[in-house]
file final10.txt (compact mmCIF, N, CA, C and O atoms)
# COMPACT_ATOMS: atom_id res chain seq x y z
N MET B 59 131.00 110.09 53.37
CA MET B 59 130.28 110.63 54.49
C MET B 59 129.94 109.48 55.43
O MET B 59 129.61 108.38 55.01
N VAL B 60 129.99 109.76 56.74
CA VAL B 60 129.64 108.80 57.77
C VAL B 60 128.34 109.26 58.41
O VAL B 60 128.20 110.42 58.78
N THR B 61 127.39 108.35 58.54
CA THR B 61 126.12 108.65 59.18
C THR B 61 125.99 107.78 60.42
O THR B 61 126.28 106.59 60.38
N ALA B 62 125.55 108.41 61.51
CA ALA B 62 125.33 107.68 62.75
C ALA B 62 123.99 108.08 63.33
O ALA B 62 123.54 109.22 63.18
N PHE B 63 123.35 107.13 63.98
CA PHE B 63 122.08 107.37 64.66
C PHE B 63 122.36 107.32 66.15
O PHE B 63 122.88 106.32 66.65
N VAL B 64 122.04 108.41 66.83
CA VAL B 64 122.35 108.51 68.25
C VAL B 64 121.04 108.47 69.03
O VAL B 64 120.18 109.34 68.88
N LEU B 65 120.88 107.42 69.84
CA LEU B 65 119.70 107.28 70.70
C LEU B 65 120.02 108.00 72.00
O LEU B 65 121.10 107.79 72.58
N ILE B 66 119.10 108.86 72.44
CA ILE B 66 119.39 109.76 73.55
C ILE B 66 118.32 109.67 74.63
O ILE B 66 117.13 109.76 74.33
N LYS B 67 118.77 109.51 75.88
CA LYS B 67 117.88 109.63 77.04
C LYS B 67 118.14 110.99 77.66
O LYS B 67 119.29 111.41 77.80
N THR B 68 117.07 111.67 78.01
CA THR B 68 117.19 112.99 78.63
C THR B 68 116.41 113.02 79.93
O THR B 68 115.58 112.15 80.19
N ASP B 69 116.67 114.04 80.70
CA ASP B 69 115.81 114.36 81.83
C ASP B 69 114.46 114.69 81.20
O ASP B 69 114.38 115.53 80.30
N ALA B 70 113.40 114.03 81.64
CA ALA B 70 112.08 114.17 81.00
C ALA B 70 111.61 115.62 80.94
O ALA B 70 110.90 116.00 80.01
N SER B 71 112.02 116.43 81.89
CA SER B 71 111.56 117.82 81.90
C SER B 71 112.31 118.70 80.91
O SER B 71 111.94 119.86 80.72
N THR B 72 113.33 118.15 80.24
CA THR B 72 114.14 118.97 79.32
C THR B 72 114.12 118.46 77.88
O THR B 72 114.95 118.89 77.08
N ILE B 73 113.21 117.57 77.55
CA ILE B 73 113.23 116.98 76.20
C ILE B 73 113.18 118.05 75.11
O ILE B 73 114.05 118.05 74.23
N PRO B 74 112.23 118.98 75.10
CA PRO B 74 112.20 119.95 74.00
C PRO B 74 113.44 120.85 73.95
O PRO B 74 113.99 121.09 72.87
N GLU B 75 113.92 121.28 75.10
CA GLU B 75 115.11 122.14 75.13
C GLU B 75 116.36 121.39 74.69
O GLU B 75 117.18 121.93 73.94
N SER B 76 116.48 120.14 75.15
CA SER B 76 117.63 119.33 74.73
C SER B 76 117.60 119.08 73.23
O SER B 76 118.62 119.20 72.55
N ALA B 77 116.43 118.75 72.71
CA ALA B 77 116.29 118.51 71.27
C ALA B 77 116.67 119.74 70.47
O ALA B 77 117.37 119.65 69.45
N GLU B 78 116.21 120.90 70.92
CA GLU B 78 116.51 122.15 70.21
C GLU B 78 118.02 122.43 70.21
O GLU B 78 118.59 122.79 69.19
N GLU B 79 118.66 122.25 71.35
CA GLU B 79 120.10 122.50 71.43
C GLU B 79 120.88 121.50 70.58
O GLU B 79 121.81 121.86 69.87
N ILE B 80 120.49 120.23 70.65
CA ILE B 80 121.17 119.20 69.85
C ILE B 80 121.02 119.48 68.37
O ILE B 80 121.97 119.34 67.60
N SER B 81 119.83 119.91 67.95
CA SER B 81 119.61 120.16 66.52
C SER B 81 120.48 121.30 65.99
O SER B 81 120.73 121.37 64.80
N GLY B 82 120.97 122.15 66.87
CA GLY B 82 121.83 123.25 66.45
C GLY B 82 123.30 122.91 66.40
O GLY B 82 124.12 123.73 65.98
N LEU B 83 123.67 121.71 66.80
CA LEU B 83 125.07 121.32 66.80
C LEU B 83 125.56 121.03 65.38
O LEU B 83 124.86 120.37 64.61
N GLU B 84 126.76 121.49 65.08
CA GLU B 84 127.36 121.18 63.79
C GLU B 84 127.57 119.67 63.71
O GLU B 84 128.05 119.05 64.65
N GLY B 85 127.17 119.08 62.61
CA GLY B 85 127.29 117.64 62.41
C GLY B 85 126.01 116.89 62.70
O GLY B 85 125.90 115.71 62.37
N ILE B 86 125.03 117.56 63.30
CA ILE B 86 123.73 116.93 63.54
C ILE B 86 122.77 117.44 62.48
O ILE B 86 122.54 118.64 62.35
N SER B 87 122.20 116.52 61.69
CA SER B 87 121.32 116.94 60.61
C SER B 87 119.84 116.89 60.99
O SER B 87 119.04 117.63 60.43
N GLU B 88 119.49 116.01 61.93
CA GLU B 88 118.08 115.85 62.31
C GLU B 88 117.99 115.38 63.75
O GLU B 88 118.88 114.67 64.22
N VAL B 89 116.91 115.76 64.41
CA VAL B 89 116.61 115.26 65.75
C VAL B 89 115.12 114.95 65.81
O VAL B 89 114.30 115.77 65.39
N TYR B 90 114.79 113.77 66.31
CA TYR B 90 113.39 113.35 66.42
C TYR B 90 113.07 113.00 67.86
O TYR B 90 113.88 112.34 68.53
N SER B 91 111.90 113.41 68.33
CA SER B 91 111.40 112.88 69.60
C SER B 91 110.67 111.59 69.24
O SER B 91 110.00 111.51 68.21
N VAL B 92 110.85 110.57 70.08
CA VAL B 92 110.32 109.25 69.75
C VAL B 92 109.67 108.61 70.98
O VAL B 92 109.90 109.02 72.11
N THR B 93 108.89 107.57 70.71
CA THR B 93 108.32 106.79 71.80
C THR B 93 109.27 105.65 72.14
O THR B 93 110.17 105.33 71.37
N GLY B 94 109.03 105.03 73.28
CA GLY B 94 109.82 103.87 73.64
C GLY B 94 110.88 104.18 74.67
O GLY B 94 110.78 105.14 75.44
N GLU B 95 111.91 103.37 74.67
CA GLU B 95 112.95 103.44 75.68
C GLU B 95 113.77 104.73 75.62
O GLU B 95 114.29 105.19 76.64
N TRP B 96 113.91 105.32 74.45
CA TRP B 96 114.72 106.52 74.25
C TRP B 96 113.81 107.72 74.05
O TRP B 96 112.68 107.58 73.59
N ASP B 97 114.31 108.90 74.38
CA ASP B 97 113.53 110.13 74.25
C ASP B 97 113.72 110.81 72.90
O ASP B 97 112.79 111.38 72.34
N LEU B 98 114.95 110.77 72.40
CA LEU B 98 115.30 111.44 71.15
C LEU B 98 116.19 110.54 70.31
O LEU B 98 116.92 109.70 70.85
N ILE B 99 116.13 110.73 69.00
CA ILE B 99 117.10 110.12 68.10
C ILE B 99 117.65 111.24 67.22
O ILE B 99 116.89 111.99 66.60
N ALA B 100 118.97 111.34 67.21
CA ALA B 100 119.65 112.35 66.38
C ALA B 100 120.37 111.64 65.25
O ALA B 100 120.89 110.53 65.42
N VAL B 101 120.42 112.29 64.10
CA VAL B 101 121.17 111.78 62.96
C VAL B 101 122.41 112.66 62.81
O VAL B 101 122.31 113.87 62.63
N ALA B 102 123.57 112.03 62.96
CA ALA B 102 124.84 112.74 62.79
C ALA B 102 125.40 112.39 61.43
O ALA B 102 125.42 111.22 61.03
N ARG B 103 125.85 113.41 60.71
CA ARG B 103 126.47 113.19 59.40
C ARG B 103 127.78 113.98 59.38
O ARG B 103 127.77 115.19 59.53
N VAL B 104 128.88 113.25 59.23
CA VAL B 104 130.20 113.87 59.25
C VAL B 104 131.04 113.32 58.09
O VAL B 104 130.71 112.29 57.52
N ARG B 105 132.11 114.02 57.79
CA ARG B 105 132.95 113.60 56.67
C ARG B 105 133.80 112.38 57.00
O ARG B 105 134.02 111.51 56.18
N LYS B 106 134.33 112.33 58.24
CA LYS B 106 135.23 111.25 58.62
C LYS B 106 134.75 110.59 59.90
O LYS B 106 134.17 111.23 60.77
N HIS B 107 135.03 109.31 60.04
CA HIS B 107 134.66 108.55 61.22
C HIS B 107 135.15 109.24 62.50
O HIS B 107 134.45 109.32 63.50
N GLU B 108 136.36 109.77 62.47
CA GLU B 108 136.95 110.42 63.64
C GLU B 108 136.16 111.64 64.09
O GLU B 108 136.20 112.02 65.26
N ASP B 109 135.42 112.27 63.17
CA ASP B 109 134.63 113.46 63.52
C ASP B 109 133.46 113.13 64.43
O ASP B 109 132.93 114.01 65.11
N LEU B 110 133.06 111.86 64.47
CA LEU B 110 131.95 111.48 65.34
C LEU B 110 132.29 111.72 66.81
O LEU B 110 131.42 112.11 67.60
N ALA B 111 133.52 111.52 67.20
CA ALA B 111 133.91 111.74 68.59
C ALA B 111 133.70 113.20 68.97
O ALA B 111 133.21 113.50 70.06
N ASP B 112 134.03 114.10 68.08
CA ASP B 112 133.84 115.52 68.35
C ASP B 112 132.36 115.87 68.48
O ASP B 112 131.95 116.54 69.43
N VAL B 113 131.57 115.38 67.55
CA VAL B 113 130.14 115.70 67.55
C VAL B 113 129.41 115.04 68.71
O VAL B 113 128.65 115.70 69.43
N ILE B 114 129.64 113.75 68.93
CA ILE B 114 128.84 113.02 69.92
C ILE B 114 129.44 113.11 71.32
O ILE B 114 128.77 113.54 72.26
N ALA B 115 130.68 112.71 71.48
CA ALA B 115 131.27 112.69 72.82
C ALA B 115 131.58 114.08 73.35
O ALA B 115 131.35 114.36 74.53
N ASP B 116 132.08 114.95 72.49
CA ASP B 116 132.52 116.26 72.97
C ASP B 116 131.41 117.31 73.01
O ASP B 116 131.52 118.28 73.75
N ARG B 117 130.37 117.15 72.20
CA ARG B 117 129.32 118.16 72.17
C ARG B 117 127.95 117.64 72.59
O ARG B 117 127.37 118.12 73.55
N LEU B 118 127.43 116.66 71.86
CA LEU B 118 126.07 116.19 72.13
C LEU B 118 125.92 115.65 73.55
O LEU B 118 124.97 115.99 74.24
N SER B 119 126.84 114.84 74.00
CA SER B 119 126.71 114.23 75.33
C SER B 119 126.82 115.25 76.46
O SER B 119 126.45 114.96 77.59
N LYS B 120 127.30 116.46 76.15
CA LYS B 120 127.45 117.51 77.16
C LYS B 120 126.28 118.49 77.18
O LYS B 120 126.27 119.43 77.96
N VAL B 121 125.29 118.26 76.32
CA VAL B 121 124.11 119.12 76.31
C VAL B 121 123.36 118.92 77.62
O VAL B 121 123.16 117.79 78.08
N SER B 122 122.94 120.03 78.22
CA SER B 122 122.21 119.96 79.48
C SER B 122 120.96 119.11 79.31
O SER B 122 120.21 119.27 78.34
N GLY B 123 120.74 118.20 80.23
CA GLY B 123 119.57 117.33 80.18
C GLY B 123 119.84 115.97 79.58
O GLY B 123 119.07 115.03 79.79
N VAL B 124 120.93 115.81 78.84
CA VAL B 124 121.26 114.50 78.26
C VAL B 124 121.80 113.60 79.36
O VAL B 124 122.75 113.95 80.06
N VAL B 125 121.17 112.45 79.53
CA VAL B 125 121.53 111.51 80.59
C VAL B 125 122.37 110.36 80.05
O VAL B 125 123.31 109.91 80.69
N ALA B 126 122.03 109.85 78.85
CA ALA B 126 122.74 108.72 78.27
C ALA B 126 122.56 108.72 76.76
O ALA B 126 121.57 109.24 76.24
N THR B 127 123.53 108.14 76.07
CA THR B 127 123.43 107.98 74.62
C THR B 127 123.96 106.61 74.23
O THR B 127 124.75 106.01 74.94
N THR B 128 123.51 106.15 73.09
CA THR B 128 124.11 104.99 72.43
C THR B 128 124.11 105.31 70.94
O THR B 128 123.18 105.93 70.43
N THR B 129 125.19 104.93 70.27
CA THR B 129 125.37 105.33 68.88
C THR B 129 125.45 104.12 67.97
O THR B 129 126.13 103.14 68.29
N HIS B 130 124.74 104.21 66.85
CA HIS B 130 124.77 103.16 65.82
C HIS B 130 125.31 103.80 64.55
O HIS B 130 124.69 104.73 64.00
N ILE B 131 126.44 103.32 64.07
CA ILE B 131 127.07 103.85 62.86
C ILE B 131 126.56 103.05 61.67
O ILE B 131 126.56 101.81 61.70
N SER B 132 126.12 103.76 60.65
CA SER B 132 125.58 103.06 59.48
C SER B 132 126.72 102.58 58.58
O SER B 132 127.76 103.22 58.49
N PHE B 133 126.50 101.46 57.93
CA PHE B 133 127.45 100.93 56.96
C PHE B 133 127.13 101.43 55.55
O PHE B 133 128.01 101.79 54.80
N ARG B 134 125.85 101.43 55.22
CA ARG B 134 125.44 101.71 53.85
C ARG B 134 124.03 102.29 53.87
O ARG B 134 123.20 101.89 54.67
N ALA B 135 123.76 103.24 52.96
CA ALA B 135 122.42 103.80 52.83
C ALA B 135 121.72 103.14 51.64
O ALA B 135 122.31 102.99 50.58
N TYR B 136 120.48 102.75 51.83
CA TYR B 136 119.71 102.13 50.77
C TYR B 136 118.61 103.03 50.26
O TYR B 136 117.99 102.74 49.26
N SER B 137 118.35 104.12 50.96
CA SER B 137 117.30 105.05 50.57
C SER B 137 117.83 106.01 49.51
O SER B 137 118.81 106.70 49.73
N GLN B 138 117.18 106.08 48.37
CA GLN B 138 117.59 107.00 47.32
C GLN B 138 117.50 108.44 47.80
O GLN B 138 118.33 109.27 47.45
N HIS B 139 116.52 108.73 48.64
CA HIS B 139 116.37 110.08 49.19
C HIS B 139 117.64 110.50 49.93
O HIS B 139 118.14 111.60 49.74
N ASP B 140 118.18 109.63 50.78
CA ASP B 140 119.38 109.94 51.53
C ASP B 140 120.59 110.11 50.61
O ASP B 140 121.41 111.00 50.80
N LEU B 141 120.70 109.25 49.62
CA LEU B 141 121.82 109.33 48.70
C LEU B 141 121.77 110.62 47.88
O LEU B 141 122.78 111.30 47.70
N ASP B 142 120.58 110.98 47.39
CA ASP B 142 120.44 112.22 46.62
C ASP B 142 120.78 113.43 47.47
O ASP B 142 121.45 114.36 47.02
N ALA B 143 120.34 113.44 48.73
CA ALA B 143 120.61 114.57 49.62
C ALA B 143 122.11 114.71 49.87
O ALA B 143 122.64 115.82 49.88
N ALA B 144 122.80 113.62 50.07
CA ALA B 144 124.23 113.67 50.34
C ALA B 144 124.99 114.24 49.16
O ALA B 144 125.86 115.10 49.31
N PHE B 145 124.64 113.80 47.96
CA PHE B 145 125.37 114.27 46.79
C PHE B 145 125.01 115.72 46.47
O PHE B 145 125.84 116.46 45.96
N SER B 146 123.81 116.17 46.80
CA SER B 146 123.45 117.55 46.54
C SER B 146 124.19 118.49 47.46
O SER B 146 124.36 119.67 47.16
N LEU B 147 124.70 117.98 48.60
CA LEU B 147 125.49 118.79 49.52
C LEU B 147 126.97 118.78 49.16
O LEU B 147 127.77 119.44 49.81
N GLY B 148 127.33 118.02 48.15
CA GLY B 148 128.71 117.93 47.75
C GLY B 148 129.56 117.07 48.68
O GLY B 148 130.75 117.28 48.82
N LEU B 149 128.96 116.10 49.32
CA LEU B 149 129.67 115.26 50.27
C LEU B 149 130.09 113.95 49.64
O LEU B 149 129.93 112.89 50.21
N GLU B 150 130.64 114.02 48.47
CA GLU B 150 131.06 112.81 47.78
C GLU B 150 132.26 112.20 48.51
O GLU B 150 133.13 112.90 48.97
N GLY B 151 132.25 110.85 48.58
CA GLY B 151 133.19 110.08 49.33
C GLY B 151 134.59 110.24 49.03
O GLY B 151 135.51 109.98 49.60
call {"tool": "encode", "arguments": {"input": "final10.txt", "output": "structure tokens"}}
result
Amino acid sequence: MVTAFVLIKTDASTIPESAEEISGLEGISEVYSVTGEWDLIAVARVRKHEDLADVIADRLSKVSGVVATTTHISFRAYSQHDLDAAFSLGLEG
């Protein structure tokens, strides 16, 4: 499984609506509103690296209100919680 963290800037008047729409996208497991430079952070979890283009470039970036994104792809998970959740979904490597 590939996990990526997507930092998202939105039109300030659409933060809740954008977050709701993004959270419904296939491949997005979580969306958080945050303080600081970015408005939202989404967690994308896909089976293959190539699937990130479909989730992020083809769907998430086209959500109304999304102004900019930057993506950080994880190399390794160190949290036992994350590892247990992945294996309980049957997403073995």
call {"tool": "residues_around", "arguments": {"input": "final10.txt", "residues": "segment 84-97 of chain B", "least_positions_apart": "3", "cutoff": "7 Å", "atoms": "only C-alpha atoms", "output": "PyMOL selection string"}}
result
chain B and resi 65-68+77+81+100-104+113
call {"tool": "select_by_dssp", "arguments": {"input": "final10.txt", "residues": "chain B", "states": "strand (DSSP E)", "output": "tab-separated table (two decimals) with N, CA, C and O atoms, in the coordinates of the input"}}
result
chain	number	residue	atom	x	y	z
B	60	VAL	N	129.99	109.76	56.74
B	60	VAL	CA	129.64	108.80	57.77
B	60	VAL	C	128.34	109.26	58.41
B	60	VAL	O	128.20	110.42	58.78
B	61	THR	N	127.39	108.35	58.54
B	61	THR	CA	126.12	108.65	59.18
B	61	THR	C	125.99	107.78	60.42
B	61	THR	O	126.28	106.59	60.38
B	62	ALA	N	125.55	108.41	61.51
B	62	ALA	CA	125.33	107.68	62.75
B	62	ALA	C	123.99	108.08	63.33
B	62	ALA	O	123.54	109.22	63.18
B	63	PHE	N	123.35	107.13	63.98
B	63	PHE	CA	122.08	107.37	64.66
B	63	PHE	C	122.36	107.32	66.15
B	63	PHE	O	122.88	106.32	66.65
B	64	VAL	N	122.04	108.41	66.83
B	64	VAL	CA	122.35	108.51	68.25
B	64	VAL	C	121.04	108.47	69.03
B	64	VAL	O	120.18	109.34	68.88
B	65	LEU	N	120.88	107.42	69.84
B	65	LEU	CA	119.70	107.28	70.70
B	65	LEU	C	120.02	108.00	72.00
B	65	LEU	O	121.10	107.79	72.58
B	66	ILE	N	119.10	108.86	72.44
B	66	ILE	CA	119.39	109.76	73.55
B	66	ILE	C	118.32	109.67	74.63
B	66	ILE	O	117.13	109.76	74.33
B	67	LYS	N	118.77	109.51	75.88
B	67	LYS	CA	117.88	109.63	77.04
B	67	LYS	C	118.14	110.99	77.66
B	67	LYS	O	119.29	111.41	77.80
B	68	THR	N	117.07	111.67	78.01
B	68	THR	CA	117.19	112.99	78.63
B	68	THR	C	116.41	113.02	79.93
B	68	THR	O	115.58	112.15	80.19
B	86	ILE	N	125.03	117.56	63.30
B	86	ILE	CA	123.73	116.93	63.54
B	86	ILE	C	122.77	117.44	62.48
B	86	ILE	O	122.54	118.64	62.35
B	87	SER	N	122.20	116.52	61.69
B	87	SER	CA	121.32	116.94	60.61
B	87	SER	C	119.84	116.89	60.99
B	87	SER	O	119.04	117.63	60.43
B	88	GLU	N	119.49	116.01	61.93
B	88	GLU	CA	118.08	115.85	62.31
B	88	GLU	C	117.99	115.38	63.75
B	88	GLU	O	118.88	114.67	64.22
B	89	VAL	N	116.91	115.76	64.41
B	89	VAL	CA	116.61	115.26	65.75
B	89	VAL	C	115.12	114.95	65.81
B	89	VAL	O	114.30	115.77	65.39
B	90	TYR	N	114.79	113.77	66.31
B	90	TYR	CA	113.39	113.35	66.42
B	90	TYR	C	113.07	113.00	67.86
B	90	TYR	O	113.88	112.34	68.53
B	91	SER	N	111.90	113.41	68.33
B	91	SER	CA	111.40	112.88	69.60
B	91	SER	C	110.67	111.59	69.24
B	91	SER	O	110.00	111.51	68.21
B	98	LEU	N	114.95	110.77	72.40
B	98	LEU	CA	115.30	111.44	71.15
B	98	LEU	C	116.19	110.54	70.31
B	98	LEU	O	116.92	109.70	70.85
B	99	ILE	N	116.13	110.73	69.00
B	99	ILE	CA	117.10	110.12	68.10
B	99	ILE	C	117.65	111.24	67.22
B	99	ILE	O	116.89	111.99	66.60
B	100	ALA	N	118.97	111.34	67.21
B	100	ALA	CA	119.65	112.35	66.38
B	100	ALA	C	120.37	111.64	65.25
B	100	ALA	O	120.89	110.53	65.42
B	101	VAL	N	120.42	112.29	64.10
B	101	VAL	CA	121.17	111.78	62.96
B	101	VAL	C	122.41	112.66	62.81
B	101	VAL	O	122.31	113.87	62.63
B	102	ALA	N	123.57	112.03	62.96
B	102	ALA	CA	124.84	112.74	62.79
B	102	ALA	C	125.40	112.39	61.43
B	102	ALA	O	125.42	111.22	61.03
B	103	ARG	N	125.85	113.41	60.71
B	103	ARG	CA	126.47	113.19	59.40
B	103	ARG	C	127.78	113.98	59.38
B	103	ARG	O	127.77	115.19	59.53
B	104	VAL	N	128.88	113.25	59.23
B	104	VAL	CA	130.20	113.87	59.25
B	104	VAL	C	131.04	113.32	58.09
B	104	VAL	O	130.71	112.29	57.52
B	124	VAL	N	120.93	115.81	78.84
B	124	VAL	CA	121.26	114.50	78.26
B	124	VAL	C	121.80	113.60	79.36
B	124	VAL	O	122.75	113.95	80.06
B	125	VAL	N	121.17	112.45	79.53
B	125	VAL	CA	121.53	111.51	80.59
B	125	VAL	C	122.37	110.36	80.05
B	125	VAL	O	123.31	109.91	80.69
B	126	ALA	N	122.03	109.85	78.85
B	126	ALA	CA	122.74	108.72	78.27
B	126	ALA	C	122.56	108.72	76.76
B	126	ALA	O	121.57	109.24	76.24
B	127	THR	N	123.53	108.14	76.07
B	127	THR	CA	123.43	107.98	74.62
B	127	THR	C	123.96	106.61	74.23
B	127	THR	O	124.75	106.01	74.94
B	128	THR	N	123.51	106.15	73.09
B	128	THR	CA	124.11	104.99	72.43
B	128	THR	C	124.11	105.31	70.94
B	128	THR	O	123.18	105.93	70.43
B	129	THR	N	125.19	104.93	70.27
B	129	THR	CA	125.37	105.33	68.88
B	129	THR	C	125.45	104.12	67.97
B	129	THR	O	126.13	103.14	68.29
B	130	HIS	N	124.74	104.21	66.85
B	130	HIS	CA	124.77	103.16	65.82
B	130	HIS	C	125.31	103.80	64.55
B	130	HIS	O	124.69	104.73	64.00
B	131	ILE	N	126.44	103.32	64.07
B	131	ILE	CA	127.07	103.85	62.86
B	131	ILE	C	126.56	103.05	61.67
B	131	ILE	O	126.56	101.81	61.70
call {"tool": "atom_distance", "arguments": {"input": "final10.txt", "atom1": "atom C of Glu75 of chain B", "atom2": "atom C of Ser119 of chain B"}}
result
12.3 Å
call {"tool": "atom_distance", "arguments": {"input": "final10.txt", "atom1": "atom C of Glu78 of chain B", "atom2": "atom CA of Phe133 of chain B"}}
result
27.0 Å
call {"tool": "closest_residue", "arguments": {"input": "final10.txt", "among": "B:Ser132, B:Ser71, B:Ser76, B:Thr61", "to": "Leu110 of chain B", "atoms": "only C-alpha atoms"}}
result
B:Thr61
call {"tool": "atom_distance", "arguments": {"input": "final10.txt", "atom1": "atom CA of Glu108 of chain B", "atom2": "atom CA of Ile73 of chain B"}}
result
27.6 Å
call {"tool": "closest_residue", "arguments": {"input": "final10.txt", "among": "B:Gly123, B:Thr128, B:Arg134, B:Arg105", "to": "Thr72 of chain B", "atoms": "only C-alpha atoms"}}
result
B:Gly123
